[in-house]
Amino acid sequence: LGFDVQLSWNLAGARPGNVALFDYINGKAFAAKRIVPMWLVTYWNDGITRWPQFFGRLQYHVHFEHGRADTLQRPQFCLTPQNATPAGRCGIFRYSREELDLEIPSQSHCMTPYSPLGQQCQSEGVFPPFNYHMTSQCFRGGAMAL
């Protein structure tokens, strides 16, 4: 279509496609332009990034851990197809399904250290103060214009 898609980030988003779509994104979609097609950004034990269970997954992700003073300076990078599985135990995959937080809103999904003022779910509108309504980010993650 002639679009020049640059490096893309999925901020705490759910899995929007099946395995075939993600195989295409991870391996072929941008292969001629860049090594990493898209980064998934995860935080703590946010289960939204691993939902729905049987959909495809992005191969590359950056994980920020809760409770570390240096979490923004020292994220964990998961760079191989083996890392992007529960057996790989990298980033968000260090948590079992039972340990994942699937509630919305929740601290693991909304109180992200990389979001404006550390708040992903209430960043719409004028801040501060927040308008105290949840943006669509909270329900599906995804792009955030900063």
# chains A, B, ... in the order shown; residues from 1 in each chain; ligands from 1
$ residues_around --residues "His63 of chain A" --least-positions-apart "6" --cutoff "10 Å" --atoms "only C-alpha atoms" --output "mmCIF file with all heavy atoms, in the first residue's frame"
data_model
loop_
_atom_site.group_PDB
_atom_site.id
_atom_site.type_symbol
_atom_site.label_atom_id
_atom_site.label_comp_id
_atom_site.auth_asym_id
_atom_site.auth_seq_id
_atom_site.Cartn_x
_atom_site.Cartn_y
_atom_site.Cartn_z
ATOM 1 N N ALA A 12 1.307 -3.015 26.492
ATOM 2 C CA ALA A 12 0.416 -3.819 27.338
ATOM 3 C C ALA A 12 -0.840 -4.267 26.615
ATOM 4 O O ALA A 12 -1.894 -4.370 27.213
ATOM 5 C CB ALA A 12 0.059 -3.060 28.610
ATOM 6 N N LEU A 40 6.591 -5.752 22.088
ATOM 7 C CA LEU A 40 5.527 -5.808 23.074
ATOM 8 C C LEU A 40 6.133 -5.334 24.386
ATOM 9 O O LEU A 40 7.179 -5.826 24.803
ATOM 10 C CB LEU A 40 4.994 -7.236 23.235
ATOM 11 C CG LEU A 40 4.019 -7.466 24.391
ATOM 12 C CD1 LEU A 40 2.741 -6.634 24.211
ATOM 13 C CD2 LEU A 40 3.691 -8.937 24.526
ATOM 14 N N VAL A 41 5.505 -4.363 25.030
ATOM 15 C CA VAL A 41 5.991 -3.839 26.303
ATOM 16 C C VAL A 41 5.107 -4.404 27.403
ATOM 17 O O VAL A 41 3.879 -4.241 27.372
ATOM 18 C CB VAL A 41 5.956 -2.296 26.324
ATOM 19 C CG1 VAL A 41 6.507 -1.771 27.631
ATOM 20 C CG2 VAL A 41 6.742 -1.735 25.148
ATOM 21 N N THR A 42 5.714 -5.101 28.368
ATOM 22 C CA THR A 42 4.955 -5.719 29.449
ATOM 23 C C THR A 42 5.444 -5.211 30.794
ATOM 24 O O THR A 42 6.584 -4.758 30.932
ATOM 25 C CB THR A 42 5.075 -7.258 29.415
ATOM 26 O OG1 THR A 42 6.451 -7.642 29.547
ATOM 27 C CG2 THR A 42 4.525 -7.821 28.114
ATOM 28 N N TYR A 43 4.562 -5.291 31.780
ATOM 29 C CA TYR A 43 4.889 -4.835 33.132
ATOM 30 C C TYR A 43 4.344 -5.808 34.155
ATOM 31 O O TYR A 43 3.172 -6.205 34.093
ATOM 32 C CB TYR A 43 4.306 -3.435 33.359
ATOM 33 C CG TYR A 43 4.500 -2.906 34.759
ATOM 34 C CD1 TYR A 43 5.782 -2.710 35.271
ATOM 35 C CD2 TYR A 43 3.426 -2.615 35.568
ATOM 36 C CE1 TYR A 43 5.976 -2.237 36.547
ATOM 37 C CE2 TYR A 43 3.610 -2.133 36.852
ATOM 38 C CZ TYR A 43 4.885 -1.950 37.336
ATOM 39 O OH TYR A 43 5.075 -1.485 38.616
ATOM 40 N N TRP A 44 5.206 -6.198 35.074
ATOM 41 C CA TRP A 44 4.853 -6.995 36.237
ATOM 42 C C TRP A 44 4.148 -8.270 35.811
ATOM 43 O O TRP A 44 4.653 -9.009 34.989
ATOM 44 C CB TRP A 44 4.041 -6.152 37.182
ATOM 45 C CG TRP A 44 3.862 -6.642 38.584
ATOM 46 C CD1 TRP A 44 4.466 -7.698 39.198
ATOM 47 C CD2 TRP A 44 3.006 -6.047 39.550
ATOM 48 N NE1 TRP A 44 4.037 -7.787 40.487
ATOM 49 C CE2 TRP A 44 3.137 -6.805 40.735
ATOM 50 C CE3 TRP A 44 2.150 -4.970 39.534
ATOM 51 C CZ2 TRP A 44 2.443 -6.501 41.894
ATOM 52 C CZ3 TRP A 44 1.457 -4.666 40.690
ATOM 53 C CH2 TRP A 44 1.601 -5.434 41.858
ATOM 54 N N ASN A 45 2.972 -8.575 36.371
ATOM 55 C CA ASN A 45 2.259 -9.813 36.033
ATOM 56 C C ASN A 45 0.957 -9.512 35.292
ATOM 57 O O ASN A 45 -0.056 -10.168 35.489
ATOM 58 C CB ASN A 45 1.981 -10.638 37.293
ATOM 59 C CG ASN A 45 1.023 -9.934 38.245
ATOM 60 O OD1 ASN A 45 0.883 -8.712 38.218
ATOM 61 N ND2 ASN A 45 0.384 -10.693 39.104
ATOM 62 N N THR A 71 13.781 -0.177 37.583
ATOM 63 C CA THR A 71 13.015 -0.886 36.556
ATOM 64 C C THR A 71 13.060 -0.208 35.191
ATOM 65 O O THR A 71 13.106 -0.870 34.173
ATOM 66 C CB THR A 71 11.557 -1.133 36.997
ATOM 67 O OG1 THR A 71 10.962 -2.040 36.068
ATOM 68 C CG2 THR A 71 10.748 0.152 37.045
ATOM 69 N N LEU A 72 13.076 1.121 35.136
ATOM 70 C CA LEU A 72 13.130 1.787 33.840
ATOM 71 C C LEU A 72 14.514 1.733 33.217
ATOM 72 O O LEU A 72 14.656 1.742 32.003
ATOM 73 C CB LEU A 72 12.676 3.240 33.964
ATOM 74 C CG LEU A 72 11.173 3.425 34.170
ATOM 75 C CD1 LEU A 72 10.837 4.896 34.355
ATOM 76 C CD2 LEU A 72 10.382 2.841 33.020
ATOM 77 N N ARG A 74 16.697 -0.796 33.765
ATOM 78 C CA ARG A 74 17.135 -2.177 33.565
ATOM 79 C C ARG A 74 15.973 -3.108 33.223
ATOM 80 O O ARG A 74 15.694 -4.050 33.955
ATOM 81 C CB ARG A 74 17.857 -2.663 34.795
ATOM 82 C CG ARG A 74 19.126 -1.855 35.079
ATOM 83 C CD ARG A 74 19.913 -2.464 36.187
ATOM 84 N NE ARG A 74 20.182 -3.856 35.873
ATOM 85 C CZ ARG A 74 21.390 -4.364 35.694
ATOM 86 N NH1 ARG A 74 22.439 -3.612 35.806
ATOM 87 N NH2 ARG A 74 21.560 -5.635 35.425
ATOM 88 N N PRO A 75 15.298 -2.864 32.106
ATOM 89 C CA PRO A 75 14.235 -3.801 31.708
ATOM 90 C C PRO A 75 14.850 -5.105 31.213
ATOM 91 O O PRO A 75 16.042 -5.174 30.915
ATOM 92 C CB PRO A 75 13.537 -3.067 30.567
ATOM 93 C CG PRO A 75 14.614 -2.218 29.970
ATOM 94 C CD PRO A 75 15.481 -1.794 31.132
ATOM 95 N N GLN A 76 14.043 -6.119 31.139
ATOM 96 C CA GLN A 76 14.495 -7.398 30.595
ATOM 97 C C GLN A 76 14.057 -7.472 29.136
ATOM 98 O O GLN A 76 12.895 -7.235 28.812
ATOM 99 C CB GLN A 76 13.897 -8.560 31.378
ATOM 100 C CG GLN A 76 14.383 -9.902 30.897
ATOM 101 C CD GLN A 76 13.829 -11.043 31.715
ATOM 102 O OE1 GLN A 76 12.806 -10.931 32.369
ATOM 103 N NE2 GLN A 76 14.516 -12.173 31.656
ATOM 104 N N PHE A 77 14.992 -7.794 28.254
ATOM 105 C CA PHE A 77 14.697 -7.922 26.835
ATOM 106 C C PHE A 77 14.579 -9.403 26.486
ATOM 107 O O PHE A 77 15.479 -10.186 26.780
ATOM 108 C CB PHE A 77 15.804 -7.281 25.994
ATOM 109 C CG PHE A 77 15.856 -5.799 26.130
ATOM 110 C CD1 PHE A 77 16.663 -5.203 27.077
ATOM 111 C CD2 PHE A 77 15.079 -4.987 25.311
ATOM 112 C CE1 PHE A 77 16.704 -3.828 27.213
ATOM 113 C CE2 PHE A 77 15.110 -3.610 25.438
ATOM 114 C CZ PHE A 77 15.928 -3.020 26.395
ATOM 115 N N CYS A 78 13.493 -9.777 25.842
ATOM 116 C CA CYS A 78 13.253 -11.147 25.419
ATOM 117 C C CYS A 78 13.301 -11.148 23.893
ATOM 118 O O CYS A 78 12.448 -10.543 23.244
ATOM 119 C CB CYS A 78 11.905 -11.618 25.933
ATOM 120 S SG CYS A 78 11.760 -11.461 27.735
ATOM 121 N N CYS A 90 10.970 -15.902 30.167
ATOM 122 C CA CYS A 90 11.536 -14.563 30.025
ATOM 123 C C CYS A 90 10.422 -13.531 30.154
ATOM 124 O O CYS A 90 9.328 -13.704 29.610
ATOM 125 C CB CYS A 90 12.224 -14.421 28.668
ATOM 126 S SG CYS A 90 13.110 -12.864 28.462
ATOM 127 N N GLY A 91 10.693 -12.451 30.847
ATOM 128 C CA GLY A 91 9.744 -11.356 30.965
ATOM 129 C C GLY A 91 8.418 -11.786 31.543
ATOM 130 O O GLY A 91 8.354 -12.425 32.592
ATOM 131 N N ILE A 92 7.338 -11.479 30.838
ATOM 132 C CA ILE A 92 5.988 -11.802 31.310
ATOM 133 C C ILE A 92 5.790 -13.308 31.416
ATOM 134 O O ILE A 92 4.939 -13.785 32.157
ATOM 135 C CB ILE A 92 4.915 -11.148 30.406
ATOM 136 C CG1 ILE A 92 3.525 -11.187 31.056
ATOM 137 C CG2 ILE A 92 4.876 -11.774 29.025
ATOM 138 C CD1 ILE A 92 3.392 -10.351 32.280
ATOM 139 N N PHE A 93 6.597 -14.081 30.713
ATOM 140 C CA PHE A 93 6.465 -15.539 30.739
ATOM 141 C C PHE A 93 7.103 -16.171 31.978
ATOM 142 O O PHE A 93 7.032 -17.371 32.152
ATOM 143 C CB PHE A 93 7.019 -16.159 29.455
ATOM 144 C CG PHE A 93 6.166 -15.828 28.269
ATOM 145 C CD1 PHE A 93 6.536 -14.822 27.400
ATOM 146 C CD2 PHE A 93 4.972 -16.481 28.060
ATOM 147 C CE1 PHE A 93 5.737 -14.478 26.323
ATOM 148 C CE2 PHE A 93 4.162 -16.157 26.980
ATOM 149 C CZ PHE A 93 4.549 -15.147 26.113
#
$ closest_residue --among "A:Gln59, A:Thr85, A:Gln6, A:Thr49" --to "Ser108 of chain A" --atoms "only C-alpha atoms"
A:Thr49
$ closest_residue --among "A:Leu79, A:Met111, A:Ala20, A:Leu7" --to "His66 of chain A" --atoms "only C-alpha atoms"
A:Met111
$ closest_residue --among "A:Asn26, A:Arg57, A:Pro16, A:His109" --to "Pro86 of chain A" --atoms "only C-alpha atoms"
A:Arg57
$ residues_around --residues "Glu99 of chain A" --least-positions-apart "5" --cutoff "10 Å" --atoms "only C-alpha atoms" --output "list in words"
Asn45, Asp46, Gly47 and Arg94 of chain A
$ write_last_selection --atoms "all heavy atoms" --output "JSON list (two decimals), in the first residue's frame"
[["chain", "number", "residue", "atom", "x", "y", "z"],
["A", 45, "ASN", "N", 2.97, -8.57, 36.37],
["A", 45, "ASN", "CA", 2.26, -9.81, 36.03],
["A", 45, "ASN", "C", 0.96, -9.51, 35.29],
["A", 45, "ASN", "O", -0.06, -10.17, 35.49],
["A", 45, "ASN", "CB", 1.98, -10.64, 37.29],
["A", 45, "ASN", "CG", 1.02, -9.93, 38.25],
["A", 45, "ASN", "OD1", 0.88, -8.71, 38.22],
["A", 45, "ASN", "ND2", 0.38, -10.69, 39.10],
["A", 46, "ASP", "N", 1.00, -8.53, 34.42],
["A", 46, "ASP", "CA", -0.18, -8.11, 33.67],
["A", 46, "ASP", "C", -0.63, -9.21, 32.72],
["A", 46, "ASP", "O", 0.03, -9.50, 31.73],
["A", 46, "ASP", "CB", 0.14, -6.83, 32.89],
["A", 46, "ASP", "CG", -1.02, -6.33, 32.05],
["A", 46, "ASP", "OD1", -2.17, -6.77, 32.28],
["A", 46, "ASP", "OD2", -0.78, -5.48, 31.17],
["A", 47, "GLY", "N", -1.76, -9.82, 33.01],
["A", 47, "GLY", "CA", -2.27, -10.94, 32.22],
["A", 47, "GLY", "C", -2.86, -10.54, 30.88],
["A", 47, "GLY", "O", -3.03, -11.38, 30.00],
["A", 94, "ARG", "N", 7.69, -15.37, 32.86],
["A", 94, "ARG", "CA", 8.17, -15.92, 34.13],
["A", 94, "ARG", "C", 7.01, -16.22, 35.06],
["A", 94, "ARG", "O", 7.16, -16.90, 36.06],
["A", 94, "ARG", "CB", 9.17, -14.99, 34.79],
["A", 94, "ARG", "CG", 8.54, -13.74, 35.39],
["A", 94, "ARG", "CD", 9.50, -12.86, 36.10],
["A", 94, "ARG", "NE", 10.58, -12.53, 35.19],
["A", 94, "ARG", "CZ", 11.65, -11.85, 35.50],
["A", 94, "ARG", "NH1", 11.80, -11.38, 36.70],
["A", 94, "ARG", "NH2", 12.57, -11.60, 34.61]]
$ select_by_dssp --residues "chain A" --states "strand (DSSP E or B)" --output "number ranges by chain"
A: 8-11, 38-43, 46, 60-64, 76-78, 101, 142
